[in-house]
Amino acid sequence: MPQKKRIMLRKSLATGWLLLFMSYSPDNHSSEGSFSHGHGAHVHGSASLRIVLDNNLLFIEFDSPAFNLVGFEHEPANEAQKSALLTVKQALDSAELLFRFTPTRCRREKSDIEVPYIAEHYENHPRSYQHDHVDIHANYVFQCARAEKLKTISVNLFTYFPGIQEIRVQWIFENRQGVAILTADNPGLKFD
Ligand SMILES: [Zn+2]
């Protein structure tokens, strides 16, 4: 398939994927002490993963309060805090360390990491971060060799970010869907 056509196909898949979640998301509730940020409740200690498998393409969307990953959410006050944000961005970009797939192999095709205060976007739109809480987002697209064989995803985020106590997962796997809560003691997402 020509490259251009493939990219367009991916784009339309990704759009379908987002629509799927918009109709499916249970986020339309608010609980005390939490802060809704479009992707769900902002609760320190808790992060979320949305996972969609569509043919051989696996989409993973990660959202977390910045607090879980760097320990603060305000604008960086010094060089150390600025570099902490950069380090998190690099770590999230190392998708092959963060997710392990068994028994099939999935290769990262694309990732898009959004960390507050260091993006170019922020230089141009500093006002967009003027609230008390900020999130960190990461989107990944993997290409799996034999997606139908995928049984488990080991999520290593707890190892790299001890501030994450739980990850709430929503997944759609062909015509099945489910939810799970992962913890450091139970970091494996099983599809069977
Ligand atoms: Zn917060």
# chains A, B, ... in the order shown; residues from 1 in each chain; ligands from 1
>>> select_by_dssp(residues="region 38-149 of chain A", states="strand (DSSP E or B)", output="VMD selection string")
chain A and resid 41 to 42 46 to 54 57 to 65 99 to 102 106 to 114 135 to 144
>>> residues_near_ligand(ligand="ligand 1", cutoff="9 Å", atoms="only C-alpha atoms and all ligand atoms", output="PyMOL selection string")
chain A and resi 34-35+42-44+65-68+72-73+132-135
>>> residues_around(residues="region 112-119 of chain A", least_positions_apart="3", cutoff="12 Å", atoms="only C-alpha atoms", output="PyMOL selection string")
chain A and resi 59-67+69-70+72-77+79+81-95+108-109+122-131+133-141
>>> closest_residue(among="A:Pro187, A:Leu182, A:Cys106, A:Leu49", to="Ser154 (chain A)", atoms="only C-alpha atoms")
A:Pro187
>>> atom_distance(atom1="CA of Val179 (chain A)", atom2="CA of Lys151 (chain A)")
15.0 Å
>>> select_by_dssp(residues="region 59-133 of chain A", states="alpha helix (DSSP H)", output="list in words")
Ala66, Phe67, Asn68, Leu69, Val70, Glu79, Ala80, Gln81, Lys82, Ser83, Ala84, Leu85, Leu86, Thr87, Val88, Lys89, Gln90, Ala91, Leu92, Asp93, Ala95, Glu96, Leu97, Leu98, Glu120, His121, Tyr122, Glu123 and Asn124 of chain A
>>> write_last_selection(atoms="N, CA and C atoms", output="PDB file, in the first residue's frame")
ATOM      1  N   ALA A  66       0.139  15.006  36.126  1.00  0.00           N
ATOM      2  CA  ALA A  66       1.591  15.215  36.097  1.00  0.00           C
ATOM      3  C   ALA A  66       2.209  14.882  37.454  1.00  0.00           C
ATOM      4  N   PHE A  67       1.445  15.084  38.508  1.00  0.00           N
ATOM      5  CA  PHE A  67       1.926  14.832  39.867  1.00  0.00           C
ATOM      6  C   PHE A  67       2.476  13.415  40.019  1.00  0.00           C
ATOM      7  N   ASN A  68       1.817  12.434  39.408  1.00  0.00           N
ATOM      8  CA  ASN A  68       2.253  11.029  39.528  1.00  0.00           C
ATOM      9  C   ASN A  68       3.638  10.803  38.926  1.00  0.00           C
ATOM     10  N   LEU A  69       3.991  11.600  37.939  1.00  0.00           N
ATOM     11  CA  LEU A  69       5.227  11.346  37.197  1.00  0.00           C
ATOM     12  C   LEU A  69       6.373  12.254  37.629  1.00  0.00           C
ATOM     13  N   VAL A  70       6.070  13.469  38.044  1.00  0.00           N
ATOM     14  CA  VAL A  70       7.155  14.385  38.433  1.00  0.00           C
ATOM     15  C   VAL A  70       7.019  14.933  39.851  1.00  0.00           C
ATOM     16  N   GLU A  79      15.728  24.715  37.212  1.00  0.00           N
ATOM     17  CA  GLU A  79      16.250  23.846  36.144  1.00  0.00           C
ATOM     18  C   GLU A  79      15.973  22.375  36.448  1.00  0.00           C
ATOM     19  N   ALA A  80      16.064  22.003  37.727  1.00  0.00           N
ATOM     20  CA  ALA A  80      15.856  20.599  38.104  1.00  0.00           C
ATOM     21  C   ALA A  80      14.433  20.160  37.745  1.00  0.00           C
ATOM     22  N   GLN A  81      13.471  21.019  37.986  1.00  0.00           N
ATOM     23  CA  GLN A  81      12.077  20.669  37.682  1.00  0.00           C
ATOM     24  C   GLN A  81      11.847  20.636  36.172  1.00  0.00           C
ATOM     25  N   LYS A  82      12.522  21.544  35.476  1.00  0.00           N
ATOM     26  CA  LYS A  82      12.409  21.552  34.025  1.00  0.00           C
ATOM     27  C   LYS A  82      12.996  20.251  33.465  1.00  0.00           C
ATOM     28  N   SER A  83      14.123  19.851  34.003  1.00  0.00           N
ATOM     29  CA  SER A  83      14.749  18.635  33.475  1.00  0.00           C
ATOM     30  C   SER A  83      13.970  17.386  33.883  1.00  0.00           C
ATOM     31  N   ALA A  84      13.277  17.448  35.031  1.00  0.00           N
ATOM     32  CA  ALA A  84      12.415  16.318  35.417  1.00  0.00           C
ATOM     33  C   ALA A  84      11.317  16.114  34.373  1.00  0.00           C
ATOM     34  N   LEU A  85      10.765  17.197  33.864  1.00  0.00           N
ATOM     35  CA  LEU A  85       9.719  17.101  32.841  1.00  0.00           C
ATOM     36  C   LEU A  85      10.279  16.506  31.547  1.00  0.00           C
ATOM     37  N   LEU A  86      11.488  16.930  31.189  1.00  0.00           N
ATOM     38  CA  LEU A  86      12.117  16.398  29.971  1.00  0.00           C
ATOM     39  C   LEU A  86      12.419  14.907  30.113  1.00  0.00           C
ATOM     40  N   THR A  87      12.862  14.508  31.300  1.00  0.00           N
ATOM     41  CA  THR A  87      13.171  13.102  31.556  1.00  0.00           C
ATOM     42  C   THR A  87      11.918  12.244  31.426  1.00  0.00           C
ATOM     43  N   VAL A  88      10.805  12.747  31.941  1.00  0.00           N
ATOM     44  CA  VAL A  88       9.543  12.009  31.831  1.00  0.00           C
ATOM     45  C   VAL A  88       9.144  11.862  30.371  1.00  0.00           C
ATOM     46  N   LYS A  89       9.339  12.919  29.601  1.00  0.00           N
ATOM     47  CA  LYS A  89       8.975  12.866  28.188  1.00  0.00           C
ATOM     48  C   LYS A  89       9.795  11.774  27.486  1.00  0.00           C
ATOM     49  N   GLN A  90      11.098  11.729  27.793  1.00  0.00           N
ATOM     50  CA  GLN A  90      11.961  10.706  27.179  1.00  0.00           C
ATOM     51  C   GLN A  90      11.537   9.307  27.614  1.00  0.00           C
ATOM     52  N   ALA A  91      11.242   9.160  28.905  1.00  0.00           N
ATOM     53  CA  ALA A  91      10.859   7.834  29.415  1.00  0.00           C
ATOM     54  C   ALA A  91       9.577   7.361  28.727  1.00  0.00           C
ATOM     55  N   LEU A  92       8.607   8.258  28.580  1.00  0.00           N
ATOM     56  CA  LEU A  92       7.339   7.866  27.942  1.00  0.00           C
ATOM     57  C   LEU A  92       7.538   7.552  26.469  1.00  0.00           C
ATOM     58  N   ASP A  93       8.580   8.112  25.894  1.00  0.00           N
ATOM     59  CA  ASP A  93       8.852   7.841  24.487  1.00  0.00           C
ATOM     60  C   ASP A  93       9.535   6.478  24.290  1.00  0.00           C
ATOM     61  N   ALA A  95       8.642   3.455  24.450  1.00  0.00           N
ATOM     62  CA  ALA A  95       7.468   2.571  24.530  1.00  0.00           C
ATOM     63  C   ALA A  95       7.845   1.113  24.694  1.00  0.00           C
ATOM     64  N   GLU A  96       8.984   0.708  24.076  1.00  0.00           N
ATOM     65  CA  GLU A  96       9.352  -0.704  24.119  1.00  0.00           C
ATOM     66  C   GLU A  96       9.720  -1.138  25.542  1.00  0.00           C
ATOM     67  N   LEU A  97      10.050  -0.179  26.417  1.00  0.00           N
ATOM     68  CA  LEU A  97      10.337  -0.525  27.806  1.00  0.00           C
ATOM     69  C   LEU A  97       9.071  -0.507  28.661  1.00  0.00           C
ATOM     70  N   LEU A  98       8.105   0.257  28.238  1.00  0.00           N
ATOM     71  CA  LEU A  98       6.916   0.470  29.072  1.00  0.00           C
ATOM     72  C   LEU A  98       5.855  -0.613  28.882  1.00  0.00           C
ATOM     73  N   GLU A 120       6.369  23.306  22.682  1.00  0.00           N
ATOM     74  CA  GLU A 120       6.378  24.560  21.936  1.00  0.00           C
ATOM     75  C   GLU A 120       5.052  25.283  22.095  1.00  0.00           C
ATOM     76  N   HIS A 121       4.014  24.443  22.108  1.00  0.00           N
ATOM     77  CA  HIS A 121       2.655  24.946  22.267  1.00  0.00           C
ATOM     78  C   HIS A 121       2.574  25.901  23.463  1.00  0.00           C
ATOM     79  N   TYR A 122       3.239  25.513  24.538  1.00  0.00           N
ATOM     80  CA  TYR A 122       3.167  26.304  25.767  1.00  0.00           C
ATOM     81  C   TYR A 122       3.796  27.685  25.589  1.00  0.00           C
ATOM     82  N   GLU A 123       4.907  27.723  24.837  1.00  0.00           N
ATOM     83  CA  GLU A 123       5.579  29.007  24.614  1.00  0.00           C
ATOM     84  C   GLU A 123       4.606  29.988  23.954  1.00  0.00           C
ATOM     85  N   ASN A 124       3.767  29.424  23.073  1.00  0.00           N
ATOM     86  CA  ASN A 124       2.836  30.287  22.347  1.00  0.00           C
ATOM     87  C   ASN A 124       1.530  30.523  23.091  1.00  0.00           C
TER      88      ASN A 124
END
